[in-house]
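So this block is protein-v6.csv, CSV, C-alpha atoms and all ligand atoms:
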```
chain,number,residue,atom,x,y,z
A,1,MET,CA,-3.3,-6.2,19.4
A,2,GLY,CA,-2.7,-3.1,21.5
A,3,GLY,CA,-5.0,-3.7,24.5
A,4,ASN,CA,-8.2,-1.6,24.1
A,5,GLU,CA,-9.6,-3.3,21.0
A,6,GLN,CA,-11.7,-5.7,23.2
A,7,LYS,CA,-13.1,-2.8,25.1
A,8,TYR,CA,-14.4,-1.1,21.9
A,9,ILE,CA,-15.8,-4.4,20.6
A,10,ASN,CA,-17.6,-4.8,23.9
A,11,GLU,CA,-19.1,-1.4,23.5
A,12,ALA,CA,-20.6,-2.5,20.2
A,13,PHE,CA,-22.1,-5.6,21.9
A,14,THR,CA,-23.5,-3.7,25.0
A,15,THR,CA,-25.1,-1.1,22.7
A,16,ASN,CA,-26.3,-3.9,20.4
A,17,TRP,CA,-24.8,-2.1,17.3
A,18,ILE,CA,-23.8,-5.2,15.4
A,19,ALA,CA,-24.1,-3.4,12.1
A,20,PRO,CA,-22.1,-1.8,9.4
A,21,LEU,CA,-22.7,1.5,11.1
A,22,GLY,CA,-22.5,2.8,14.6
A,23,ALA,CA,-20.3,4.7,17.1
A,24,ASN,CA,-17.1,2.7,16.5
A,25,VAL,CA,-17.3,3.4,12.7
A,26,ASP,CA,-17.8,7.1,13.4
A,27,ALA,CA,-15.0,7.2,16.0
A,28,PHE,CA,-12.5,5.2,13.9
A,29,GLU,CA,-13.1,7.6,11.0
A,30,LYS,CA,-12.5,10.6,13.3
A,31,ASP,CA,-9.3,8.9,14.7
A,32,ILE,CA,-8.0,8.5,11.1
A,33,GLU,CA,-8.9,12.1,10.2
A,34,THR,CA,-7.2,13.5,13.3
A,35,TYR,CA,-4.1,11.3,13.0
A,36,LEU,CA,-3.5,12.0,9.2
A,37,GLY,CA,-4.7,15.6,9.3
A,38,VAL,CA,-7.2,14.9,6.5
A,39,SER,CA,-10.7,16.3,6.4
A,40,HIS,CA,-12.7,13.1,5.6
A,41,ALA,CA,-12.3,9.3,5.9
A,42,ALA,CA,-14.6,6.4,5.0
A,43,VAL,CA,-13.7,3.0,6.6
A,44,LEU,CA,-14.4,0.1,4.3
A,45,SER,CA,-14.2,-3.7,4.1
A,46,SER,CA,-10.7,-3.7,2.6
A,47,GLY,CA,-8.0,-1.6,0.9
A,48,THR,CA,-9.0,-3.2,-2.4
A,49,ALA,CA,-12.5,-1.9,-1.9
A,50,ALA,CA,-11.1,1.6,-1.3
A,51,ILE,CA,-9.1,1.5,-4.5
A,52,HIS,CA,-12.2,0.2,-6.4
A,53,LEU,CA,-14.4,3.0,-5.0
A,54,ALA,CA,-11.7,5.6,-6.0
A,55,MET,CA,-11.9,4.3,-9.5
A,56,VAL,CA,-15.7,4.5,-9.5
A,57,LEU,CA,-15.6,8.1,-8.0
A,58,LEU,CA,-13.2,9.2,-10.8
A,59,ASP,CA,-15.6,7.7,-13.3
A,60,VAL,CA,-13.0,5.2,-14.6
A,61,GLY,CA,-14.8,3.0,-17.1
A,62,LEU,CA,-14.7,0.9,-20.2
A,63,GLY,CA,-12.0,2.0,-22.6
A,64,ASP,CA,-10.2,4.2,-20.0
A,65,TYR,CA,-6.6,4.0,-19.0
A,66,VAL,CA,-5.1,4.2,-15.4
A,67,ILE,CA,-1.4,4.4,-14.7
A,68,VAL,CA,-0.2,2.1,-12.0
A,69,PRO,CA,3.3,0.8,-10.9
A,70,SER,CA,4.3,-2.6,-12.1
A,71,PHE,CA,6.1,-3.3,-8.9
A,72,THR,CA,3.2,-3.7,-6.5
A,73,PHE,CA,0.7,-6.1,-5.1
A,74,SER,CA,-2.0,-7.1,-7.6
A,75,ALA,CA,-4.7,-5.4,-5.5
A,76,THR,CA,-3.5,-2.0,-6.8
A,77,VAL,CA,-4.3,-3.1,-10.4
A,78,ASN,CA,-7.3,-5.4,-10.1
A,79,PRO,CA,-9.9,-2.6,-9.5
A,80,VAL,CA,-8.8,-0.9,-12.8
A,81,ILE,CA,-9.9,-4.2,-14.5
A,82,TYR,CA,-13.1,-4.4,-12.4
A,83,GLN,CA,-14.1,-1.1,-14.1
A,84,GLY,CA,-13.3,-2.4,-17.6
A,85,ALA,CA,-10.4,0.0,-17.9
A,86,THR,CA,-6.8,-0.8,-19.0
A,87,PRO,CA,-3.9,-0.5,-16.5
A,88,VAL,CA,-0.7,1.0,-17.9
A,89,LEU,CA,2.2,-0.5,-15.9
A,90,VAL,CA,5.1,1.7,-15.1
A,91,ASP,CA,8.4,0.5,-13.7
A,92,SER,CA,10.2,1.7,-10.5
A,93,GLU,CA,13.0,4.2,-9.9
A,94,ALA,CA,16.1,2.6,-8.3
A,95,ASP,CA,16.1,4.5,-5.0
A,96,THR,CA,12.5,4.4,-3.6
A,97,TRP,CA,11.5,1.3,-5.7
A,98,ASN,CA,8.3,3.2,-6.5
A,99,MET,CA,6.8,4.6,-9.6
A,100,ASP,CA,9.5,6.2,-11.9
A,101,PRO,CA,8.5,9.7,-12.8
A,102,VAL,CA,10.4,9.6,-16.1
A,103,LEU,CA,8.5,6.5,-17.3
A,104,LEU,CA,5.3,7.9,-15.9
A,105,GLU,CA,5.5,11.0,-18.1
A,106,LYS,CA,6.4,8.8,-21.1
A,107,ALA,CA,3.3,6.6,-20.4
A,108,ILE,CA,1.1,9.7,-20.2
A,109,THR,CA,2.3,11.3,-23.4
A,110,ASP,CA,2.0,8.0,-25.3
A,111,CYS,CA,-1.5,7.6,-24.0
A,112,ILE,CA,-2.5,11.1,-25.0
A,113,GLY,CA,-0.7,10.7,-28.4
A,114,GLY,CA,-2.7,7.5,-29.1
A,115,LYS,CA,0.5,5.4,-29.2
A,116,LEU,CA,-0.6,2.5,-26.9
A,117,ALA,CA,-1.4,-0.8,-28.5
A,118,GLY,CA,-4.9,-1.0,-29.7
A,119,MET,CA,-5.5,2.8,-29.6
A,120,ASN,CA,-5.0,3.1,-33.4
A,121,GLY,CA,-3.9,6.7,-33.0
A,122,LYS,CA,-6.9,7.7,-31.0
A,123,GLY,CA,-5.3,9.1,-27.9
A,124,MET,CA,-6.9,10.0,-24.5
A,125,THR,CA,-5.7,11.4,-21.2
A,126,PRO,CA,-5.3,8.7,-18.5
A,127,LYS,CA,-8.1,8.9,-15.9
A,128,ALA,CA,-5.9,8.4,-12.8
A,129,ILE,CA,-2.4,7.8,-11.6
A,130,VAL,CA,-2.0,5.4,-8.6
A,131,PRO,CA,1.4,5.6,-7.0
A,132,VAL,CA,2.1,3.0,-4.3
A,133,TYR,CA,4.1,3.4,-1.1
A,134,LEU,CA,5.9,0.0,-1.3
A,135,TYR,CA,6.9,-1.6,2.0
A,136,GLY,CA,6.0,1.8,3.6
A,137,MET,CA,8.4,3.9,1.4
A,138,PRO,CA,7.0,7.1,-0.1
A,139,PRO,CA,7.4,7.6,-3.8
A,140,ASP,CA,8.8,10.8,-5.2
A,141,MET,CA,5.4,12.6,-4.6
A,142,ASP,CA,6.7,16.0,-5.6
A,143,ARG,CA,7.6,14.9,-9.1
A,144,ILE,CA,4.6,12.7,-9.5
A,145,SER,CA,2.2,15.4,-8.4
A,146,GLU,CA,3.9,18.0,-10.6
A,147,ILE,CA,3.5,15.7,-13.7
A,148,ALA,CA,0.0,14.8,-12.8
A,149,GLY,CA,-0.9,18.4,-12.3
A,150,ARG,CA,0.6,19.4,-15.6
A,151,TYR,CA,-1.6,16.9,-17.5
A,152,GLY,CA,-4.6,17.4,-15.2
A,153,ILE,CA,-4.7,13.8,-14.0
A,154,PRO,CA,-6.0,13.0,-10.5
A,155,VAL,CA,-3.6,11.0,-8.2
A,156,VAL,CA,-4.9,8.2,-5.9
A,157,GLU,CA,-2.2,7.2,-3.4
A,158,ASP,CA,-2.1,3.5,-2.6
A,159,ALA,CA,-0.8,3.9,1.0
A,160,ALA,CA,-2.0,0.4,2.0
A,161,GLU,CA,1.4,-0.5,3.3
A,162,ALA,CA,2.3,2.9,4.6
A,163,MET,CA,0.0,4.0,7.5
A,164,GLY,CA,2.2,6.4,9.5
A,165,SER,CA,4.8,7.0,6.7
A,166,ARG,CA,5.4,10.6,5.6
A,167,TYR,CA,6.7,12.5,2.7
A,168,LYS,CA,7.9,16.1,3.4
A,169,ASN,CA,6.0,15.8,6.7
A,170,ARG,CA,2.7,15.0,5.1
A,171,PHE,CA,1.2,11.6,5.9
A,172,ALA,CA,1.0,8.9,3.2
A,173,GLY,CA,-2.5,9.1,1.6
A,174,THR,CA,-3.0,12.8,2.2
A,175,ILE,CA,-1.1,14.3,-0.8
A,176,GLY,CA,-3.1,13.2,-3.8
A,177,LYS,CA,-6.8,13.7,-4.5
A,178,MET,CA,-7.6,10.5,-2.5
A,179,GLY,CA,-5.6,8.1,-0.4
A,180,VAL,CA,-6.1,4.4,0.3
A,181,LEU,CA,-5.2,2.6,3.5
A,182,SER,CA,-5.4,-1.1,4.4
A,183,PHE,CA,-5.9,-2.7,7.8
A,184,ASN,CA,-5.5,-6.3,6.5
A,185,GLY,CA,-4.0,-8.8,8.9
A,186,ASN,CA,-0.5,-8.4,7.5
A,187,LYS,CA,-0.3,-4.6,7.6
A,188,ILE,CA,1.3,-2.4,10.3
A,189,ILE,CA,-2.0,-2.0,12.1
A,190,THR,CA,-4.8,-4.4,11.5
A,191,THR,CA,-8.6,-4.9,12.0
A,192,SER,CA,-8.1,-8.5,10.6
A,193,GLY,CA,-9.5,-7.1,7.4
A,194,GLY,CA,-10.4,-3.6,6.4
A,195,GLY,CA,-9.4,-0.4,4.7
A,196,ALA,CA,-10.1,3.3,4.3
A,197,LEU,CA,-10.5,5.9,1.6
A,198,VAL,CA,-9.4,9.4,2.7
A,199,SER,CA,-9.6,12.8,1.1
A,200,ASP,CA,-9.9,16.5,1.8
A,201,ASP,CA,-12.8,16.5,-0.6
A,202,GLN,CA,-16.1,16.1,1.3
A,203,GLU,CA,-18.0,15.2,-1.8
A,204,LEU,CA,-15.7,12.3,-2.7
A,205,ILE,CA,-15.9,10.7,0.7
A,206,SER,CA,-19.7,11.1,1.0
A,207,GLY,CA,-19.8,9.5,-2.5
A,208,ALA,CA,-17.6,6.7,-1.3
A,209,LYS,CA,-20.0,6.0,1.7
A,210,TYR,CA,-23.0,6.1,-0.7
A,211,TYR,CA,-21.4,3.6,-3.2
A,212,ALA,CA,-20.2,1.4,-0.3
A,213,THR,CA,-23.7,1.0,1.1
A,214,GLN,CA,-25.4,-0.2,-2.1
A,215,ALA,CA,-25.9,3.2,-3.6
A,216,ARG,CA,-29.2,4.0,-1.9
A,217,ASP,CA,-30.8,7.2,-3.0
A,218,LYS,CA,-32.4,9.6,-0.6
A,219,ALA,CA,-35.9,8.3,-0.5
A,220,PRO,CA,-38.3,6.8,2.1
A,221,TYR,CA,-38.0,3.4,0.3
A,222,TYR,CA,-35.2,1.5,-1.5
A,223,SER,CA,-34.4,3.5,-4.6
A,224,HIS,CA,-31.3,3.1,-6.7
A,225,SER,CA,-30.1,5.1,-9.6
A,226,ARG,CA,-26.5,3.8,-9.6
A,227,ILE,CA,-24.8,0.4,-9.1
A,228,GLY,CA,-23.6,0.1,-5.5
A,229,TYR,CA,-21.4,-2.2,-3.5
A,230,ASN,CA,-21.4,-3.7,0.0
A,231,TYR,CA,-18.0,-2.3,1.1
A,232,ARG,CA,-18.7,-0.7,4.5
A,233,MET,CA,-16.7,-1.7,7.5
A,234,SER,CA,-18.7,-3.2,10.4
A,235,ASN,CA,-19.1,-1.6,13.7
A,236,ILE,CA,-17.4,-4.5,15.5
A,237,ILE,CA,-14.3,-4.4,13.2
A,238,ALA,CA,-14.1,-0.6,13.6
A,239,GLY,CA,-13.8,-1.2,17.4
A,240,VAL,CA,-10.6,-3.1,16.6
A,241,GLY,CA,-9.4,-0.2,14.5
A,242,ARG,CA,-10.0,2.3,17.3
A,243,GLY,CA,-7.7,0.2,19.6
A,244,GLN,CA,-5.1,-0.1,16.9
A,245,MET,CA,-5.0,3.7,16.3
A,246,GLU,CA,-3.8,4.0,19.9
A,247,VAL,CA,-0.7,1.9,19.2
A,248,LEU,CA,0.1,3.1,15.6
A,249,ASP,CA,2.9,5.5,16.6
A,250,GLN,CA,4.4,2.7,18.8
A,251,ARG,CA,4.2,0.3,15.9
A,252,VAL,CA,6.1,2.7,13.6
A,253,VAL,CA,8.8,3.1,16.2
A,254,GLN,CA,9.0,-0.7,16.6
A,255,ARG,CA,9.2,-1.4,12.8
A,256,ARG,CA,11.9,1.3,12.4
A,257,ARG,CA,13.8,-0.2,15.3
A,258,ILE,CA,13.7,-3.6,13.6
A,259,ASN,CA,15.0,-2.0,10.4
A,260,LYS,CA,17.9,-0.3,12.4
A,261,TRP,CA,18.7,-3.7,14.0
A,262,TYR,CA,19.1,-5.3,10.6
A,263,ARG,CA,21.2,-2.4,9.3
A,264,ASP,CA,23.5,-2.6,12.3
A,265,LEU,CA,23.8,-6.4,12.0
A,266,LEU,CA,24.6,-6.3,8.3
A,267,ALA,CA,26.6,-3.1,8.2
A,268,ASP,CA,29.8,-4.8,7.0
A,269,ALA,CA,28.2,-7.7,5.1
A,270,PRO,CA,29.4,-7.6,1.4
A,271,GLY,CA,26.9,-7.2,-1.4
A,272,ILE,CA,23.9,-6.4,0.7
A,273,SER,CA,21.9,-3.2,0.2
A,274,PHE,CA,18.8,-2.0,2.0
A,275,HIS,CA,15.6,-0.4,0.8
A,276,SER,CA,16.4,3.1,2.1
A,277,GLU,CA,15.0,6.5,2.5
A,278,PRO,CA,16.7,8.6,-0.2
A,279,SER,CA,16.7,11.8,1.9
A,280,SER,CA,15.2,13.4,5.0
A,281,ASP,CA,12.1,14.2,2.9
A,282,TYR,CA,11.2,10.5,3.2
A,283,PHE,CA,10.0,8.9,6.4
A,284,SER,CA,9.0,5.2,6.0
A,285,ASN,CA,7.1,3.2,8.6
A,286,PHE,CA,9.4,0.3,7.4
A,287,TRP,CA,6.5,-2.0,7.4
A,288,LEU,CA,8.8,-4.6,6.0
A,289,THR,CA,12.6,-4.4,6.0
A,290,CYS,CA,13.8,-5.4,2.5
A,291,ILE,CA,17.3,-6.1,1.2
A,292,VAL,CA,18.8,-6.8,-2.2
A,293,ILE,CA,21.6,-9.3,-2.5
A,294,ASP,CA,24.3,-8.7,-5.2
A,295,HIS,CA,25.2,-12.3,-6.0
A,296,GLN,CA,28.6,-11.2,-7.5
A,297,LYS,CA,29.7,-9.7,-4.2
A,298,ALA,CA,27.6,-11.4,-1.5
A,299,LEU,CA,28.6,-14.6,0.4
A,300,CYS,CA,25.5,-16.3,-0.7
A,301,SER,CA,22.7,-15.9,-3.2
A,302,ARG,CA,19.2,-14.7,-2.4
A,303,ASP,CA,17.8,-18.2,-3.0
A,304,ASP,CA,20.4,-19.8,-0.7
A,305,LEU,CA,19.5,-17.3,2.0
A,306,LEU,CA,15.7,-17.9,1.6
A,307,GLN,CA,16.5,-21.7,1.8
A,308,ALA,CA,18.6,-21.2,5.0
A,309,PHE,CA,15.8,-19.2,6.6
A,310,GLU,CA,13.3,-21.9,5.7
A,311,GLU,CA,15.5,-24.7,7.1
A,312,SER,CA,15.5,-22.8,10.4
A,313,ASN,CA,11.7,-22.4,10.2
A,314,ILE,CA,11.9,-18.6,9.7
A,315,GLU,CA,9.6,-17.0,7.2
A,316,ALA,CA,11.2,-14.6,4.7
A,317,ARG,CA,9.8,-13.8,1.3
A,318,HIS,CA,10.5,-12.7,-2.2
A,319,LEU,CA,9.7,-9.1,-3.1
A,320,TRP,CA,6.6,-8.5,-5.2
A,321,LYS,CA,6.7,-10.1,-8.6
A,322,PRO,CA,6.2,-7.2,-11.1
A,323,MET,CA,2.8,-7.0,-12.7
A,324,HIS,CA,4.2,-6.9,-16.2
A,325,LEU,CA,5.6,-10.4,-15.6
A,326,GLN,CA,2.2,-11.8,-14.3
A,327,PRO,CA,0.3,-14.0,-16.7
A,328,VAL,CA,-3.0,-12.2,-15.9
A,329,PHE,CA,-1.7,-8.8,-16.9
A,330,SER,CA,0.3,-9.9,-19.9
A,331,ASN,CA,-1.9,-7.9,-22.2
A,332,CYS,CA,-1.4,-4.6,-20.4
A,333,PRO,CA,0.8,-1.9,-21.9
A,334,TYR,CA,4.0,-1.5,-19.8
A,335,TYR,CA,7.0,0.8,-19.5
A,336,VAL,CA,10.0,-0.9,-18.0
A,337,ASN,CA,13.6,-0.2,-17.2
A,338,GLY,CA,14.7,-3.4,-15.5
A,339,VAL,CA,14.6,-2.1,-11.9
A,340,SER,CA,11.6,-4.1,-10.7
A,341,GLU,CA,12.7,-7.2,-12.4
A,342,GLY,CA,16.2,-6.9,-10.8
A,343,LEU,CA,14.5,-6.4,-7.4
A,344,PHE,CA,12.3,-9.4,-7.9
A,345,ASN,CA,15.3,-11.5,-8.9
A,346,ASN,CA,17.6,-10.5,-6.0
A,347,GLY,CA,15.6,-9.0,-3.2
A,348,LEU,CA,13.9,-10.3,-0.2
A,349,CYS,CA,11.7,-9.2,2.7
A,350,LEU,CA,13.2,-10.0,6.1
A,351,PRO,CA,11.0,-11.0,9.1
A,352,SER,CA,9.7,-7.7,10.3
A,353,GLY,CA,6.8,-8.4,12.7
A,354,THR,CA,6.5,-6.5,15.9
A,355,GLY,CA,5.5,-9.7,17.7
A,356,MET,CA,9.0,-11.1,17.4
A,357,THR,CA,10.7,-12.1,20.6
A,358,GLU,CA,14.4,-11.8,21.7
A,359,ASP,CA,14.7,-15.5,20.8
A,360,ASP,CA,13.4,-14.9,17.3
A,361,PHE,CA,15.9,-12.1,16.7
A,362,GLN,CA,18.6,-14.4,17.9
A,363,ARG,CA,17.6,-17.2,15.5
A,364,ILE,CA,17.4,-14.7,12.6
A,365,ALA,CA,20.8,-13.2,13.5
A,366,ASP,CA,22.3,-16.7,13.6
A,367,VAL,CA,21.2,-17.5,10.0
A,368,LEU,CA,22.4,-14.1,8.7
A,369,ARG,CA,25.8,-14.3,10.5
A,370,GLU,CA,26.4,-17.7,9.2
A,371,ARG,CA,25.3,-17.1,5.6
A,372,ILE,CA,26.0,-13.6,4.5
A,373,LYS,CA,28.3,-12.0,7.0
B,1,LIG,C1,-2.5,-4.9,1.1
B,1,LIG,C2,-2.5,-4.0,-0.1
B,1,LIG,C3,-3.6,-3.6,-0.8
B,1,LIG,C4,-5.0,-4.2,-0.6
B,1,LIG,O1,-5.4,-4.0,0.7
B,1,LIG,P1,-6.5,-5.1,1.3
B,1,LIG,O2,-7.0,-4.4,2.6
B,1,LIG,O3,-5.7,-6.4,1.6
B,1,LIG,O4,-7.5,-5.3,0.3
B,1,LIG,C5,-3.5,-2.8,-1.9
B,1,LIG,N1,-2.3,-2.3,-2.3
B,1,LIG,C6,-1.1,-2.7,-1.7
B,1,LIG,C7,0.2,-2.2,-2.1
B,1,LIG,C8,-1.2,-3.6,-0.6
B,1,LIG,O5,-0.1,-4.0,0.0
```
Would you write the structure of this file as structure tokens?
Ligand SMILES: *Cc1c(COP(=O)(O)O)cnc(C)c1O
Amino acid sequence: MGGNEQKYINEAFTTNWIAPLGANVDAFEKDIETYLGVSHAAVLSSGTAAIHLAMVLLDVGLGDYVIVPSFTFSATVNPVIYQGATPVLVDSEADTWNMDPVLLEKAITDCIGGKLAGMNGKGMTPKAIVPVYLYGMPPDMDRISEIAGRYGIPVVEDAAEAMGSRYKNRFAGTIGKMGVLSFNGNKIITTSGGGALVSDDQELISGAKYYATQARDKAPYYSHSRIGYNYRMSNIIAGVGRGQMEVLDQRVVQRRRINKWYRDLLADAPGISFHSEPSSDYFSNFWLTCIVIDHQKALCSRDDLLQAFEESNIEARHLWKPMHLQPVFSNCPYYVNGVSEGLFNNGLCLPSGTGMTEDDFQRIADVLRERIK
């Protein structure tokens, strides 16, 4: 926590606004709009809810197709299934680890040409493209936007891991038609649980607020002409969000400093490569610092390093397991090039929390020096 969260929570209590509405909700939305330079924001119960509402607002339904990366967290893909649509999984490019524009275009043309399994030649344009900013790293948004524009497909940016990241000086989540943020407990800023949908399109965000509050029509009684959801963020939780916005820039500086610390420490370690910004167009919040271990050249394997961390009571993790390798998505069409599978086999997330102490860094450095340097 940054310091002022309790103050804003107390405001909710003293004004007795213990509701999914109120001054903190309005102020948190304003803070997000101002920070990102986006016209409209709706704060919600989670990032997953934000993705789901984006699908609802784009009228994604039974029989539709939505293009998503294979290398992501399952929450990117699940809302497509909630809507009865089919996710089309697209592998990563090697530098950003995010959606590969070449495979993206192939997936689109196959979908339009009716070449996906089960289409029987009856093609259709995918309803949306959902590029993800993995571990904070922006995807190649210029190429993705250009392809999406050429085929007239809306882009929903899953920037759940990327609050504060930028692509060509535009904040993650503000480039496509809509952007998704998450304030889950593990993200760079957190409200314990929460998310947001942002857009420059006023109609979309007022639509999101409508669907998020049980789709109540304008009437003096409860009248419903659509299926709604209970997805709004509460006024107490939004108080935490207001406090967190005050420390976001500081958190980005801290995460980037941690990333630099690992790079300096492992500069001459053989067989280690970092998840890196391909050029100055990319600015990652480095939510998590991730490395790939080339087991031919490195002094130990990825699994040995994970084991060594565990023995020292330090938590490090595998990278995301690609969705095309997940049992639950085994029926989804996919376009792969081996990149995400290689990352899953040889990569890991290093401890990256801003709460780490000098002593923690020392313990991590000891393991890394002993094993891979
Ligand atoms: C965390 C995350 C989400 C979901 O956000 P929640 O707030 O946890 O629902 C979606 N996509 C990605 C890539 C994430 O990391």
Separation of atom CA of Pro131 of chain A and atom CA of Tyr82 of chain A, in Å?
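Rounded to one decimal, the two atoms are 18.4 Å apart.
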Using all atoms listed in the file, which residues sit within 12 Å of His52 of chain A once same-chain residues fewer than 4 positions away are excluded, as a PyMOL selection string?
chain A and resi 44-48+56-61+75-85+130+156+158+178-180+195-197+208+211-212+228-231
For segment 12-15 of chain A: contacts at 8 Å, only C-alpha atoms, fewer than 6 positions along chain excluded, given as a PDB file with C-alpha atoms, keeping the file's coordinate frame:
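Result went into result36.pdb, see below:
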```pdb
ATOM      1  CA  GLY A  22     -22.500   2.800  14.600  1.00  0.00           C
ATOM      2  CA  ALA A  23     -20.300   4.700  17.100  1.00  0.00           C
ATOM      3  CA  ASN A  24     -17.100   2.700  16.500  1.00  0.00           C
ATOM      4  CA  ASN A 235     -19.100  -1.600  13.700  1.00  0.00           C
ATOM      5  CA  ILE A 236     -17.400  -4.500  15.500  1.00  0.00           C
ATOM      6  CA  GLY A 239     -13.800  -1.200  17.400  1.00  0.00           C
TER       7      GLY A 239
END
```
Distance table requested - chain A against ligand LIG 1 (chain B), cut-off 8 Å, only C-alpha atoms and all ligand atoms: one row per qualifying residue with the closest atom pair and its distance in Å to one decimal, ordered by chain and rising residue number, as CSV.
```
residue,atom,partner,partner_atom,distance
A:Ser45,CA,B:LIG1,O2,7.4
A:Ser46,CA,B:LIG1,O2,3.8
A:Gly47,CA,B:LIG1,O2,3.4
A:Thr48,CA,B:LIG1,O4,3.7
A:Ala49,CA,B:LIG1,O4,6.4
A:Ala50,CA,B:LIG1,O4,7.9
A:Ile51,CA,B:LIG1,C5,7.5
A:Thr72,CA,B:LIG1,C7,5.5
A:Phe73,CA,B:LIG1,C7,4.9
A:Ser74,CA,B:LIG1,N1,7.2
A:Ala75,CA,B:LIG1,C5,4.6
A:Thr76,CA,B:LIG1,N1,4.7
A:Val132,CA,B:LIG1,C7,6.0
A:Tyr133,CA,B:LIG1,C7,6.9
A:Leu134,CA,B:LIG1,C7,6.2
A:Tyr135,CA,B:LIG1,O5,7.7
A:Asp158,CA,B:LIG1,N1,5.8
A:Ala159,CA,B:LIG1,C7,6.9
A:Ala160,CA,B:LIG1,C8,4.8
A:Glu161,CA,B:LIG1,O5,5.0
A:Val180,CA,B:LIG1,C5,8.0
A:Leu181,CA,B:LIG1,O1,7.2
A:Ser182,CA,B:LIG1,O2,4.1
A:Phe183,CA,B:LIG1,O2,5.6
A:Asn184,CA,B:LIG1,O2,4.6
A:Gly185,CA,B:LIG1,O3,7.9
A:Asn186,CA,B:LIG1,C1,7.6
A:Lys187,CA,B:LIG1,C1,6.9
A:Gly193,CA,B:LIG1,O2,6.0
A:Gly194,CA,B:LIG1,O2,5.2
A:Gly195,CA,B:LIG1,O2,5.1
```
Provide the atom CA of Asp91 of chain A to atom CA of Gly113 of chain A distance in Å, to one decimal place.
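Distance reported for this atom pair: 20.1 Å.
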With distances taken over all atoms listed in the file, which of A:Ile129, A:Leu319, A:Cys300, A:Ile189 is nearest to Gly164 of chain A?
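Smallest distance to Gly164 of chain A is found for A:Ile189.
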Would you kindly return, as a list in words, each protein, DNA or RNA residue with an atom no farther than 7 Å from any atom of Ile32 of chain A, considering all atoms listed in the file and excluding same-chain residues fewer than 4 positions away?
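Residues near the query, excluding close chain neighbours: Phe28, Leu36 and Ala41 of chain A.
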What is the distance, in Å and to one decimal place, between atom CA of Pro139 of chain A and atom CA of Val198 of chain A?
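Atom CA of Val198 of chain A lies at a distance of 18.1 Å from atom CA of Pro139 of chain A.
Residue nearest Leu104 of chain A within the list A:Ser280, A:Ser273, A:Asn337, A:Asn16: A:Asn337 [criterion: smallest interatomic distance, all atoms listed in the file].
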Up to 12 Å from (12.6, 7.6, 3.3) in the file's coordinates: name the residues, counting only C-alpha atoms, as number ranges by chain.
A: 95-98, 133-141, 162, 165-169, 172, 256, 274-286
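Nearest to Arg255 of chain A of all the residues A:Thr354, A:Asn345, A:Thr34, A:Thr125 is A:Thr354, counting all atoms listed in the file.
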Just checking: using all atoms listed in the file, which residue out of A:Tyr8, A:Tyr210, A:Tyr35, A:Phe71 ends up closest to His224 of chain A?
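Selected residue with least distance to His224 of chain A: A:Tyr210.
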Final N, CA and C atoms of segment 37-47 of chain A as a short mmCIF file (atom, residue, chain, number, x, y, z; two decimals), in the frame of the given file:
```cif
data_model
loop_
_atom_site.label_atom_id
_atom_site.label_comp_id
_atom_site.auth_asym_id
_atom_site.auth_seq_id
_atom_site.Cartn_x
_atom_site.Cartn_y
_atom_site.Cartn_z
N GLY A 37 -4.47 14.24 9.65
CA GLY A 37 -4.70 15.60 9.30
C GLY A 37 -5.42 15.76 8.00
N VAL A 38 -6.38 14.88 7.77
CA VAL A 38 -7.20 14.90 6.50
C VAL A 38 -8.62 15.19 6.93
N SER A 39 -9.37 15.81 6.02
CA SER A 39 -10.70 16.30 6.40
C SER A 39 -11.74 15.13 6.51
N HIS A 40 -11.60 14.11 5.62
CA HIS A 40 -12.70 13.10 5.60
C HIS A 40 -12.09 11.69 5.35
N ALA A 41 -12.73 10.72 6.03
CA ALA A 41 -12.30 9.30 5.90
C ALA A 41 -13.58 8.45 5.82
N ALA A 42 -13.53 7.39 5.02
CA ALA A 42 -14.60 6.40 5.00
C ALA A 42 -13.92 5.04 5.28
N VAL A 43 -14.32 4.35 6.35
CA VAL A 43 -13.70 3.00 6.60
C VAL A 43 -14.55 1.97 5.87
N LEU A 44 -13.81 1.01 5.29
CA LEU A 44 -14.40 0.10 4.30
C LEU A 44 -13.95 -1.35 4.65
N SER A 45 -14.48 -2.28 3.86
CA SER A 45 -14.20 -3.70 4.10
C SER A 45 -12.77 -4.10 3.77
N SER A 46 -12.10 -3.34 2.91
CA SER A 46 -10.70 -3.70 2.60
C SER A 46 -10.06 -2.49 1.84
N GLY A 47 -8.74 -2.56 1.72
CA GLY A 47 -8.00 -1.60 0.90
C GLY A 47 -8.38 -1.70 -0.55
#
```
